Structures are given as structure tokens and as C-alpha cells.
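Q: The following file, my_file_0.csv, comprises CSV, C-alpha atoms:
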chain,number,residue,atom,x,y,z
A,447,GLU,CA,-5.6,36.3,11.1
A,448,LEU,CA,-6.8,34.4,8.0
A,449,GLN,CA,-10.3,35.0,6.9
A,450,VAL,CA,-12.2,32.7,4.5
A,451,GLY,CA,-15.1,34.2,2.4
A,452,GLU,CA,-18.5,32.5,2.5
A,453,PRO,CA,-18.3,31.1,-1.1
A,454,VAL,CA,-15.1,29.3,-0.2
A,455,ARG,CA,-16.2,27.6,3.0
A,456,GLN,CA,-17.6,24.6,1.2
A,457,THR,CA,-14.4,24.0,-0.9
A,458,PRO,CA,-12.5,20.9,0.1
A,459,VAL,CA,-9.0,21.8,1.3
A,460,PHE,CA,-6.1,19.4,1.8
A,461,TYR,CA,-3.3,21.1,3.7
A,462,SER,CA,-0.1,19.2,4.2
A,463,THR,CA,3.5,19.7,5.3
A,464,GLY,CA,6.6,17.7,5.9
A,465,ALA,CA,7.6,17.5,9.6
A,466,SER,CA,11.2,18.2,8.5
A,467,ASP,CA,10.4,21.1,6.1
A,468,SER,CA,13.0,23.8,6.5
A,469,VAL,CA,11.5,26.1,3.8
A,470,VAL,CA,8.1,26.5,5.3
A,471,THR,CA,8.4,25.3,8.8
A,472,PRO,CA,5.8,23.0,10.3
A,473,SER,CA,5.0,25.5,13.1
A,474,VAL,CA,4.0,28.1,10.5
A,475,THR,CA,1.9,25.6,8.6
A,476,ARG,CA,0.2,24.4,11.8
A,477,GLU,CA,-0.6,28.0,12.8
A,478,CYS,CA,-2.2,28.6,9.4
A,479,ALA,CA,-4.1,25.3,9.6
A,480,ASP,CA,-5.4,26.1,13.0
A,481,GLN,CA,-6.8,29.4,11.6
A,482,LEU,CA,-8.4,27.7,8.5
A,483,ARG,CA,-9.8,24.6,10.2
A,484,PRO,CA,-12.8,26.2,11.9
A,485,GLN,CA,-13.7,28.2,8.8
A,486,LEU,CA,-13.9,25.4,6.3
A,487,SER,CA,-16.5,22.6,6.3
A,488,ASN,CA,-14.1,20.1,4.5
A,489,PHE,CA,-10.6,20.6,5.8
A,490,ARG,CA,-7.9,18.0,6.1
A,491,TYR,CA,-4.4,18.7,7.6
A,492,VAL,CA,-1.6,16.1,7.4
A,493,GLU,CA,1.9,16.4,8.8
A,494,VAL,CA,4.2,13.8,7.2
A,495,PRO,CA,7.0,12.5,9.5
A,496,ASN,CA,10.6,12.7,8.2
A,497,GLN,CA,9.5,14.6,5.1
A,498,GLY,CA,11.0,17.9,3.9
A,499,HIS,CA,9.7,20.5,1.4
A,500,ILE,CA,8.3,18.0,-1.2
A,501,VAL,CA,5.1,16.5,-2.3
A,502,SER,CA,5.1,12.8,-1.8
A,503,VAL,CA,3.3,10.2,-3.9
A,504,GLU,CA,1.0,9.5,-1.0
A,505,GLN,CA,0.1,13.2,-0.8
A,506,GLN,CA,-0.6,13.3,-4.6
A,507,ARG,CA,-2.9,10.3,-4.1
A,508,ASP,CA,-4.7,12.3,-1.3
A,509,VAL,CA,-5.1,15.3,-3.6
A,510,LEU,CA,-6.3,13.2,-6.4
A,511,ALA,CA,-9.0,11.6,-4.2
A,512,ILE,CA,-10.2,15.0,-3.1
A,513,LEU,CA,-10.3,16.2,-6.7
A,514,GLN,CA,-12.2,13.2,-7.9
A,515,VAL,CA,-14.9,13.9,-5.3
A,516,ALA,CA,-14.9,17.7,-5.8
A,517,LEU,CA,-14.6,18.1,-9.5
A,518,PRO,CA,-17.0,17.1,-12.3
A,519,GLN,CA,-16.4,13.7,-13.7
A,520,GLU,CA,-16.0,14.8,-17.3
A,521,ALA,CA,-12.8,13.9,-19.2
A,522,VAL,CA,-9.8,16.1,-18.9
A,523,LYS,CA,-7.0,16.0,-21.5
A,524,VAL,CA,-3.5,15.9,-20.1
A,525,GLU,CA,-0.5,16.3,-22.3
A,526,PRO,CA,1.8,13.2,-22.2
A,527,GLU,CA,4.9,15.4,-21.9
A,528,GLU,CA,3.5,17.1,-18.8
A,529,THR,CA,2.7,13.7,-17.2
A,530,GLU,CA,6.2,12.5,-18.0
A,531,ARG,CA,7.9,15.6,-16.6
A,532,HIS,CA,5.9,15.3,-13.3
A,533,ALA,CA,6.7,11.5,-13.1
A,534,LEU,CA,10.4,12.3,-13.6
A,535,LEU,CA,10.4,15.0,-10.9
A,536,LEU,CA,8.7,12.6,-8.5
A,537,GLN,CA,11.2,9.8,-9.3
A,538,ILE,CA,14.1,12.2,-8.6
A,539,GLU,CA,12.6,13.2,-5.2
A,540,ARG,CA,11.8,9.6,-4.3
A,541,GLU,CA,15.3,8.5,-4.9
A,542,ARG,CA,16.7,11.5,-3.0
A,543,LEU,CA,14.6,10.5,-0.1
A,544,ILE,CA,15.7,6.8,-0.3
A,545,ASN,CA,19.4,7.9,-0.6
A,546,THR,CA,19.1,10.2,2.5
A,547,ALA,CA,17.1,7.9,4.7
A,548,SER,CA,18.9,6.6,7.8
A,549,PRO,CA,18.9,2.8,8.4
A,550,THR,CA,16.1,3.2,10.9
A,551,GLU,CA,14.0,5.1,8.4
A,552,SER,CA,14.4,2.7,5.5
A,553,SER,CA,15.8,-0.8,5.1
A,554,ARG,CA,16.0,-0.3,1.3
A,555,PRO,CA,19.5,-0.1,-0.3
A,556,LEU,CA,20.8,3.2,-1.6
A,557,VAL,CA,20.0,3.7,-5.3
A,558,GLN,CA,21.4,5.8,-8.1
A,559,PRO,CA,19.0,8.1,-9.8
A,560,GLN,CA,17.2,6.7,-12.9
A,561,ILE,CA,17.6,9.9,-14.8
A,562,GLY,CA,19.9,10.4,-17.7
A,563,LEU,CA,22.3,13.1,-18.6
A,564,ASP,CA,20.9,15.9,-20.7
A,565,THR,CA,17.4,15.3,-19.3
A,566,GLU,CA,15.4,18.6,-19.2
A,567,VAL,CA,14.2,19.6,-15.7
A,568,VAL,CA,12.5,22.5,-14.1
A,569,LEU,CA,14.2,23.8,-11.0
A,570,GLN,CA,12.2,24.2,-7.8
A,571,ALA,CA,15.0,25.6,-5.5
A,572,PRO,CA,16.7,27.8,-4.7
A,573,GLU,CA,13.9,30.4,-4.9
A,574,GLU,CA,15.7,32.5,-7.5
A,575,PHE,CA,15.8,29.6,-9.9
A,576,ARG,CA,12.3,28.3,-9.4
A,577,GLY,CA,10.5,27.5,-12.6
A,578,GLN,CA,13.7,27.9,-14.7
A,579,SER,CA,14.6,25.0,-17.0
A,580,GLY,CA,17.9,23.3,-17.1
A,581,LYS,CA,19.7,20.1,-18.2
A,582,ILE,CA,21.1,17.4,-15.9
A,583,ARG,CA,24.9,17.3,-16.5
A,584,GLY,CA,25.9,15.0,-13.6
A,585,PHE,CA,25.1,13.5,-10.2
A,586,ASP,CA,27.3,13.7,-7.1
A,587,ALA,CA,26.3,10.6,-5.2
A,588,ALA,CA,28.3,11.6,-2.1
A,589,ALA,CA,26.5,14.9,-1.8
A,590,ASN,CA,23.2,13.5,-3.3
A,591,LEU,CA,23.1,16.5,-5.7
A,592,PHE,CA,22.4,16.8,-9.4
A,593,GLU,CA,24.6,19.1,-11.4
A,594,VAL,CA,22.2,21.2,-13.6
A,595,GLU,CA,23.2,23.5,-16.4
A,596,CYS,CA,21.0,26.5,-16.7
A,597,PRO,CA,20.7,29.0,-19.5
A,598,SER,CA,21.1,32.0,-17.2
A,599,SER,CA,24.4,33.5,-16.2
A,600,ALA,CA,23.8,32.7,-12.5
A,601,LYS,CA,24.6,29.2,-11.3
A,602,PRO,CA,22.3,27.2,-8.9
Let me see whether you can do it: turn the structure in this file into C-alpha cells.
A:
Amino acid sequence: ELQVGEPVRQTPVFYSTGASDSVVTPSVTRECADQLRPQLSNFRYVEVPNQGHIVSVEQQRDVLAILQVALPQEAVKVEPEETERHALLLQIERERLINTASPTESSRPLVQPQIGLDTEVVLQAPEEFRGQSGKIRGFDAAANLFEVECPSSAKP
């Protein structure tokens, strides 16, 4: 059973999962949320339908709203390269979701990724490659997969 210490009980917590997450299943996330909810004064749990193991733009907005309320309003410097990298990763995931949506999930046409060859990326999966950098070498539209060259001897 999860226990929250007294100093943390007032900390705002946004807990979210995709209903189609196969990495951390929604049942595990729900169980954890059920244990946390009564211990925290500002707890929000969201389960997003038809979403896998990603962070959507809507979830990022939710987190930003919580942070804007919880954190001091002093200016924070963000490096432009970091912002661009995050924007690129979100664009890739957004397009993957559009490309894999069934006609009932989305009426938008299929799109090709707006990411160029040789673009530097940071891998998120599989687990053994998480955090490793690589370069986009191609895109298989049929499989909806990027081909990424990594500096390690292993291949993702």
C-alpha cells in the first residue's frame, strides 16, 4: 500500500493514463490512484480513451495549468533547443496517433510525419534504449515506424 508523508499531502498531483496503455496498464494505474486519492488534498486522475503510453497535448496543458497555480510566478529560462526537441517528439506522436486512428476515431486523413531524415531524436522505447539518442534514417508508412540509427551496437 502506498503511503504519502504529511509534507506531501498538500502537493497538487495530476495522475493520468491512456486507456489503451500496454506498458503500464490502466488497471495498475487505477489501483495506484485509488490508494493516493484519499491521502492527497489536491488529486486529479484522468484516464484518456483510445490513448496508449504517451503524453498528449491535452495532458501537457493540464500539467501546465497545475504548475501555473502551484509554482511561484517568477520567470523561468527554457533553452530553445529543449523546447524544439519536445515539440518534435509531440508532433511525431500526434502524427502516429492520427495515422493509427480508425475511421470511427478520426475523420482526418492519414498524414506523413513532418520530420526530416537525420533529425536527432531521443528514444523512449523499448526500455533498453530509453534516453539514448539517435537519428531518423527513414519512415515505414505501412508499419508506421521510424527507422532510427543509434550509436550503440544494439538495434532498436
Q: I'd like the neighbourhood of Val494 in chain A as a ChimeraX atom specification, where a residue qualifies if any of its atoms comes within 12 Å (using all atoms listed in the file), though same-chain residues fewer than 2 positions away should be ignored.
A: /A:461-467,472,491-492,496-505
Q: Using all atoms listed in the file, collect all residues at a distance of at most 9 Å from (18.1, 24.1, -19.9) as written in the file, then present them as a PyMOL selection string.
A: chain A and resi 564-568+578-582+594-598
Q: Just to confirm, what's the straight-line distance from CA of Asp508 in chain A to CA of Leu536 in chain A in Å (one decimal)?
A: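 These atoms are spaced 15.2 Å apart.
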Q: For Glu541 in chain A, which residue among A:Leu517, A:Ser487, A:Leu591, A:Gln570 is the nearest when counting only C-alpha atoms?
A: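 Closest candidate: A:Leu591.
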Q: Please provide the set of residues having any atom within 12 Å of Arg483 in chain A, restricted to only C-alpha atoms, with same-chain residues fewer than 3 positions apart removed, written as a ChimeraX atom specification.
A: /A:448-450,455-456,458-461,475-480,486-491
Q: Keeping only C-alpha atoms, take the residues you just selected and write them out as an mmCIF file, in the coordinates of the input.
A:
data_model
loop_
_atom_site.group_PDB
_atom_site.id
_atom_site.type_symbol
_atom_site.label_atom_id
_atom_site.label_comp_id
_atom_site.auth_asym_id
_atom_site.auth_seq_id
_atom_site.Cartn_x
_atom_site.Cartn_y
_atom_site.Cartn_z
ATOM 1 C CA LEU A 448 -6.800 34.400 8.000
ATOM 2 C CA GLN A 449 -10.300 35.000 6.900
ATOM 3 C CA VAL A 450 -12.200 32.700 4.500
ATOM 4 C CA ARG A 455 -16.200 27.600 3.000
ATOM 5 C CA GLN A 456 -17.600 24.600 1.200
ATOM 6 C CA PRO A 458 -12.500 20.900 0.100
ATOM 7 C CA VAL A 459 -9.000 21.800 1.300
ATOM 8 C CA PHE A 460 -6.100 19.400 1.800
ATOM 9 C CA TYR A 461 -3.300 21.100 3.700
ATOM 10 C CA THR A 475 1.900 25.600 8.600
ATOM 11 C CA ARG A 476 0.200 24.400 11.800
ATOM 12 C CA GLU A 477 -0.600 28.000 12.800
ATOM 13 C CA CYS A 478 -2.200 28.600 9.400
ATOM 14 C CA ALA A 479 -4.100 25.300 9.600
ATOM 15 C CA ASP A 480 -5.400 26.100 13.000
ATOM 16 C CA LEU A 486 -13.900 25.400 6.300
ATOM 17 C CA SER A 487 -16.500 22.600 6.300
ATOM 18 C CA ASN A 488 -14.100 20.100 4.500
ATOM 19 C CA PHE A 489 -10.600 20.600 5.800
ATOM 20 C CA ARG A 490 -7.900 18.000 6.100
ATOM 21 C CA TYR A 491 -4.400 18.700 7.600
#
Q: Between A:Glu528, A:Glu452, A:Glu573, A:Glu447, which residue has the minimum interatomic distance to Val469 in chain A, considering only C-alpha atoms?
A: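 Comparing A:Glu528, A:Glu452, A:Glu573, A:Glu447 against Val469 in chain A, the winner is A:Glu573.
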Q: By how many Å are CA of Gln537 in chain A and CA of Arg583 in chain A apart?
A: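 Those two atoms sit 17.2 Å apart.
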